[in-house]
Structures are given as structure tokens and as C-alpha cells.
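> Pasting in a structure now, in C-alpha cells, and then I'll have a few things to ask.
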Amino acid sequence: MAKIKYYYDTETCRYEQIKLTKWDKFLNFMGFVSASLAFAIVLMILFGVWFDSPKEAMLKKENKELKYHYDILSEKINNTTEMLAYLEERDANIYRVIYEAEPLPNEIRQGGIGGSYRYADLLDKGMEKEELIIDTYKEIDELKKRLYVQTKSYDEILTLARNKEKLWASIPAIQPVSNSDLKRLASGFGYRIHPIHKIKRLHTGCDFSAPKGTPIYATGGGKVVKVKTDFSGYGKHVIIDHGYGYKTLYAHMQDFAVKRGEKVKRGDLIGYVGNTGSSTAPHVHYEVRKNDRPVNPINYLYQGITPAEYEELLRLASIENQSLS
């Protein structure tokens with residue numbers, strides 16, 4: 001029940017009851033409503049500051065989860081970038097050095113991936129945190145490009161390795177006859193006394209003495225390009241083209257074990273020791289030619305012997321004696 005209010009009337013010296021008009025009642029009511037509304041607004045603001053709404057709580061949870069996964073993704077990108085940098089360094093300083101290839105220029109490895117227009121669709125969408133998202137896309141695109149370049153580099157190295165493998169399988173590397181005791185090297189490369197003319201002449205190969213019929217082996221893989229019989233000079237001889245500018249000649253054979261055009265591998269039987277042509281004793285005259293010029297065969301006898309045995313072959317080949325052909 002509303003309280004009755006009075007006021008003191010000085011004229012009558014009595015307390016008179018205050019009578020409210022409808023307007024006064026309306027103003028009082030509106031004041032109460034306004035105060036209540038203001039109080040409610042203040043409470044809502046304070047509640048909003050101290051407590052999250054269900055929607056805000058859900059969004060914060062989603063943001064927290066997104067940040068967690070973003071941090072994991074960012075760490076993986078960084079780890080992958082570090083690993084790729086390690087592979088690039090090995091590629092440039094180890095693999096390409098081994099196969100005598102020039103390192104890839106940094107301009108190719110670190111080349112651009114296009115301007116910001118690549119990400120214009122993200123800018124147009126007005127996304128929040130767009131800078132963070134675009135930077136992540138850039139990192140991934142750059143990583144993809146570097147991975148592609150590195151893949152191409154490994155393809156090139158694989159080709160080089162295969163070619164190098166063919167090279168090592170092709171170039172001369174063993175002695176043309178079995179020579180475990182190293183006693184069959186009779187004369188080396190260089191100026192030697194000719195057995196017939198008795199003057200010093202350039203001896204363009206190495207002579208390996210052996211009984212007639214001793215097997216002669218290809219010293220490297222290649223193709224037989226000549227199987228010929230001369231009544232003087234080299235006598236019965238075979239020439240093998242190994243590719244890469246290398247050829248080998250095997251002279252004074254007794255008989256052949258290959259035909260012209262046949263492909264051979266290192267260690268394949270190609271003929272037998274004889275005494276044909278300008279020869280004074282059974283032996284095989286062995287030459288190595290690089291770009292059609294004779295080179296010292298002793299430099300191509302590195303497979304199947306120890307360093308000490310190679311030193312002994314060098315000593316024997318350096319003796320200035322009489323050649324056998």
C-alpha cells in the first residue's frame with residue numbers, strides 16, 4: 001500500500017495530505033522504470049565483462065583449438081624447412097661435388113612464387129587475421145617450390161650417378177692378363193729400345209709376357225670396333241671402344257674370342273696370347289688411348305690390386321729396357 005505523504009501548511013498551521021496528480025504519478029512511474037532500466041543495463045554490462053555468453057564461450061574455445069593446431073602446423077612447417085635446408089646443403093656441397101656438377105644457383109632455389117595477387121581472393125573475403133593466414137599460405141607455397149626444385153635436382157644427380165656408374169664400368173681398370181705375381185709386366189710405356197730396330201722409340205703401351213694361349217681379358221666395358229690380322233706390326237689385334245673418349249688395343253694375339261660389333265664387359269675373354277706381327281716373344285701389347293692418343297696404361301691398373309702391388313707395377317713399368325714389340 002502506497003505511503004501517504006503530508007506537507008506543513010504555514011497558513012493553516014496544519015499538515016495537509018499531498019495529493020498527486022495523474023501527471024505526477026506518470027512521472028514517478030517513468031522515473032522508476034528509467035532507474036530500473038539503467039540498473040539492469042549496468043548489471044548486463046558487468047555480467048558481460050565478468051562472464052562469457054554461451055556463443056562467446058564457444059567462439060573462444062574454437063579460437064583456442066585453432067591456435068593450438070596453428071602452432072602445430074607452424075612448427076611442422078619450420079621443421080620441414082630446416083630439413084629441406086639441410087638437404088639443399090648436402091646437395092650443393094656433397095652430391096654435386098662428387099659428380100662434378102655445378103650447384104644450383106640461389107636464384108633458382110629461392111625464386112619468387114608470385115606477388116600478393118595470388119592471395120587476392122583471401123583479401124576480398126575480408127577475413128579476420130588475414131595477414132596471418134596469407135603468411136602461412138606464402139610459407140607453404142615457398143616450401144612446395146623449394147621441394148619441387150630439390151626433386152628436380154635429385155633427378156639430375158640420379159642421371160649423373162647412372163652415367164658415372166657407366167663410366168666407371170667402361171673405362172680400363174684391370175690388367176689384360178692374369179698377373180697375380182706381377183712378373184708378367186715386361187716393358188712399360190715411354191721410350192724403349194725397339195727389339196728389331198735396336199733404337200729408342202716411343203713404346204705406346206705395356207707388354208705383358210705370357211705363354212701362348214694365355215687368356216686375354218677386356219679391361220673395361222665397351223664395343224669391339226676392330227678385329228684384324230696384320231702380318232707385321234700389331235699382328236692379330238683387337239680394339240675396344242669404351243666410350244667417353246677411351247679405347248684399348250690388344251696386339252700380337254694367337255687367336256680371337258670376339259667378333260667386330262660385339263659388346264663386352266670388363267673381365268670378358270676376348271682372345272689369347274700369341275706371337276704374331278712384329279713380336280719377338282709371346283706376349284700381349286696393351287694400349288690405352290684417350291681421344292685417340294696413347295696414354296700410359298699403368299695409370300689404368302687400379303682395380304684388383306693393393307697399393308703395394310700398384311707401387312711395384314709402377315717400378316717395373318719405369319725400367320727403361322727393351323720392349324717385346
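How things are named: the first chain in the C-alpha cells is A, the next is B, and so on; residues count from 1 in each chain; ligands count from 1 in the order shown.
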Can you list, as a list in words, all residues belonging to region 58-232 of chain A that DSSP tags as strand (DSSP E)?
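Taking region 58-232 of chain A and keeping strand (DSSP E) only, one gets Leu185, Ala186, Ser187, Gly190, Tyr191, Arg192, Ile193, Lys200, Arg201, Leu202, His203, Cys206, Asp207, Phe208, Ser209, Pro215, Ile216, Tyr217, Gly222, Lys223, Val224, Val225, Lys226, Val227, Lys228 and Thr229 of chain A.
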> Within 12 Å of Thr229 (chain A), counting only C-alpha atoms, which residues qualify if same-chain residues fewer than 5 places away don't, as a count of residues only?
16
> Smallest atom-to-atom distance to Glu165 (chain A): which of A:Gly221, A:Asp230, A:Tyr70, A:Tyr148, using only C-alpha atoms?
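Among the listed residues, A:Gly221 lies closest to Glu165 (chain A).
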> Write out as a ChimeraX atom specification each polymer residue whose atoms come within 12 Å of Gly220 (chain A), counting only C-alpha atoms; drop sequence neighbours fewer than 2 positions from it.
/A:166-176,217-218,222-224,239-244,246-249,263-270,288,300-303
> Could you save the residues just selected, with N, CA, C and O atoms, as a compact mmCIF listing (two decimals), in the first residue's frame?

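Output below, filename again_26.txt:
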# COMPACT_ATOMS: atom_id res chain seq x y z
N LYS A 166 78.15 -45.96 -65.37
CA LYS A 166 78.52 -46.48 -66.69
C LYS A 166 79.96 -46.15 -67.01
O LYS A 166 80.69 -46.95 -67.60
N LEU A 167 80.38 -44.92 -66.61
CA LEU A 167 81.76 -44.51 -66.88
C LEU A 167 82.74 -45.43 -66.17
O LEU A 167 83.69 -45.93 -66.78
N TRP A 168 82.50 -45.66 -64.86
CA TRP A 168 83.43 -46.50 -64.11
C TRP A 168 83.40 -47.95 -64.59
O TRP A 168 84.41 -48.66 -64.45
N ALA A 169 82.28 -48.39 -65.12
CA ALA A 169 82.21 -49.75 -65.65
C ALA A 169 82.86 -49.85 -67.02
O ALA A 169 83.20 -50.94 -67.47
N SER A 170 83.07 -48.71 -67.68
CA SER A 170 83.56 -48.72 -69.05
C SER A 170 85.06 -48.47 -69.16
O SER A 170 85.74 -49.12 -69.96
N ILE A 171 85.57 -47.52 -68.40
CA ILE A 171 86.98 -47.16 -68.61
C ILE A 171 87.88 -48.30 -68.15
O ILE A 171 87.55 -49.07 -67.25
N PRO A 172 89.07 -48.45 -68.77
CA PRO A 172 90.00 -49.53 -68.41
C PRO A 172 90.39 -49.45 -66.94
O PRO A 172 90.63 -48.37 -66.41
N ALA A 173 90.45 -50.65 -66.30
CA ALA A 173 90.74 -50.63 -64.86
C ALA A 173 91.51 -51.86 -64.38
O ALA A 173 91.95 -51.88 -63.24
N ILE A 174 91.68 -52.89 -65.23
CA ILE A 174 92.36 -54.10 -64.78
C ILE A 174 93.49 -54.43 -65.77
O ILE A 174 93.61 -53.82 -66.84
N GLN A 175 94.31 -55.42 -65.42
CA GLN A 175 95.36 -55.90 -66.32
C GLN A 175 94.74 -56.83 -67.37
O GLN A 175 93.79 -57.55 -67.07
N PRO A 176 95.28 -56.82 -68.56
CA PRO A 176 94.65 -57.62 -69.63
C PRO A 176 94.88 -59.12 -69.48
O PRO A 176 94.20 -59.92 -70.14
N TYR A 217 91.82 -60.56 -71.38
CA TYR A 217 90.52 -60.08 -70.94
C TYR A 217 90.34 -58.59 -71.27
O TYR A 217 91.30 -57.81 -71.27
N ALA A 218 89.08 -58.23 -71.54
CA ALA A 218 88.74 -56.81 -71.73
C ALA A 218 88.94 -56.08 -70.41
O ALA A 218 88.49 -56.54 -69.37
N GLY A 222 82.66 -52.17 -73.16
CA GLY A 222 82.62 -51.40 -74.40
C GLY A 222 82.21 -52.24 -75.59
O GLY A 222 81.63 -53.32 -75.44
N LYS A 223 82.51 -51.72 -76.76
CA LYS A 223 82.13 -52.38 -78.01
C LYS A 223 83.38 -52.67 -78.83
O LYS A 223 84.24 -51.79 -79.00
N VAL A 224 83.48 -53.89 -79.32
CA VAL A 224 84.62 -54.28 -80.17
C VAL A 224 84.46 -53.60 -81.53
O VAL A 224 83.48 -53.83 -82.24
N ILE A 239 90.56 -53.99 -81.01
CA ILE A 239 90.38 -52.66 -80.42
C ILE A 239 88.96 -52.57 -79.86
O ILE A 239 88.00 -52.92 -80.56
N ILE A 240 88.87 -52.11 -78.63
CA ILE A 240 87.57 -51.93 -77.96
C ILE A 240 87.35 -50.45 -77.71
O ILE A 240 88.23 -49.76 -77.20
N ASP A 241 86.17 -49.98 -78.10
CA ASP A 241 85.77 -48.60 -77.82
C ASP A 241 84.93 -48.60 -76.54
O ASP A 241 83.86 -49.18 -76.49
N HIS A 242 85.43 -47.93 -75.53
CA HIS A 242 84.76 -47.92 -74.21
C HIS A 242 83.84 -46.71 -74.04
O HIS A 242 83.17 -46.59 -73.02
N GLY A 243 83.82 -45.83 -75.02
CA GLY A 243 83.07 -44.59 -74.85
C GLY A 243 83.84 -43.61 -73.98
O GLY A 243 84.94 -43.90 -73.49
N TYR A 244 83.28 -42.42 -73.85
CA TYR A 244 83.89 -41.36 -73.03
C TYR A 244 85.30 -41.02 -73.51
O TYR A 244 86.13 -40.51 -72.75
N TYR A 246 87.60 -43.22 -74.55
CA TYR A 246 88.59 -44.26 -74.26
C TYR A 246 88.51 -45.41 -75.26
O TYR A 246 87.43 -45.86 -75.62
N LYS A 247 89.70 -45.90 -75.66
CA LYS A 247 89.83 -47.11 -76.47
C LYS A 247 91.01 -47.91 -75.93
O LYS A 247 91.97 -47.33 -75.39
N THR A 248 90.93 -49.23 -76.07
CA THR A 248 92.08 -50.09 -75.70
C THR A 248 92.41 -51.00 -76.88
O THR A 248 91.53 -51.39 -77.66
N LEU A 249 93.72 -51.32 -76.99
CA LEU A 249 94.20 -52.18 -78.07
C LEU A 249 94.95 -53.36 -77.46
O LEU A 249 95.73 -53.19 -76.52
N LYS A 263 79.51 -56.51 -77.94
CA LYS A 263 79.66 -55.74 -76.71
C LYS A 263 80.25 -56.64 -75.62
O LYS A 263 79.85 -57.79 -75.49
N VAL A 264 81.17 -56.08 -74.88
CA VAL A 264 81.85 -56.85 -73.84
C VAL A 264 81.81 -56.08 -72.53
O VAL A 264 81.63 -54.86 -72.50
N LYS A 265 81.98 -56.82 -71.45
CA LYS A 265 82.09 -56.22 -70.11
C LYS A 265 83.52 -56.41 -69.60
O LYS A 265 84.27 -57.26 -70.13
N ARG A 266 83.87 -55.64 -68.60
CA ARG A 266 85.20 -55.78 -68.00
C ARG A 266 85.38 -57.21 -67.50
O ARG A 266 84.53 -57.76 -66.81
N GLY A 267 86.50 -57.84 -67.90
CA GLY A 267 86.79 -59.21 -67.48
C GLY A 267 86.35 -60.26 -68.48
O GLY A 267 86.65 -61.45 -68.28
N ASP A 268 85.65 -59.87 -69.56
CA ASP A 268 85.24 -60.85 -70.58
C ASP A 268 86.46 -61.29 -71.39
O ASP A 268 87.36 -60.50 -71.71
N LEU A 269 86.45 -62.58 -71.76
CA LEU A 269 87.51 -63.13 -72.60
C LEU A 269 87.40 -62.58 -74.02
O LEU A 269 86.32 -62.60 -74.62
N ILE A 270 88.51 -62.05 -74.57
CA ILE A 270 88.47 -61.50 -75.93
C ILE A 270 89.48 -62.18 -76.87
O ILE A 270 89.41 -62.00 -78.08
N VAL A 288 96.24 -48.07 -74.05
CA VAL A 288 95.06 -47.29 -73.68
C VAL A 288 95.13 -45.98 -74.43
O VAL A 288 96.15 -45.28 -74.39
N TYR A 300 95.90 -46.91 -65.45
CA TYR A 300 94.56 -47.50 -65.52
C TYR A 300 94.57 -48.94 -65.03
O TYR A 300 93.78 -49.77 -65.46
N LEU A 301 95.49 -49.24 -64.11
CA LEU A 301 95.56 -50.56 -63.50
C LEU A 301 95.32 -50.42 -62.00
O LEU A 301 96.22 -50.62 -61.19
N TYR A 302 94.11 -50.03 -61.63
CA TYR A 302 93.85 -49.74 -60.23
C TYR A 302 92.84 -50.68 -59.58
O TYR A 302 92.58 -50.57 -58.38
N GLN A 303 92.27 -51.60 -60.34
CA GLN A 303 91.26 -52.48 -59.76
C GLN A 303 91.83 -53.87 -59.58
O GLN A 303 92.49 -54.41 -60.46
> Can you pull out every residue within 12 Å of region 309-316 of chain A, counting only C-alpha atoms, but drop anything in the same chain fewer than 3 positions away, and send it as a PyMOL selection string?
chain A and resi 174-175+179-189+206-208+296-306+319-321
> Identify, on the basis of only C-alpha atoms, every residue whose closest approach to Arg96 (chain A) does not exceed 12 Å; exclude the query and any residue fewer than 2 positions from it along the same chain; express the result as a list in words.
Leu87, Glu88, Glu89, Arg90, Asp91, Ala92, Asn93, Ile94, Ile98, Tyr99, Glu100, Ala101, Glu102, Pro103, Leu104, Ser153, Tyr154, Asp155, Glu156, Ile157, Leu158, Thr159, Leu160 and Ala161 of chain A
> Within region 122-267 of chain A, find each residue whose DSSP state, derived from the backbone, is helix (DSSP H, G or I), and express the selection as a ChimeraX atom specification.
/A:122-124,130-170
> For region 192-200 of chain A, work out the shell of residues within 8 Å, counting only C-alpha atoms and skipping chain neighbours fewer than 4 positions away, then give it as a ChimeraX atom specification.
/A:280,320-325
> Considering only C-alpha atoms, can you say which of A:Ala38, A:Leu202, A:Leu73, A:Ile4 comes closest to Pro294 (chain A)?
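Nearest candidate to Pro294 (chain A) out of A:Ala38, A:Leu202, A:Leu73, A:Ile4: A:Leu202.
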> Enter the distance from CA of Arg201 (chain A) to CA of His285 (chain A), in Å, rounded to one decimal.
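Separation between CA of Arg201 (chain A) and CA of His285 (chain A): 15.0 Å.
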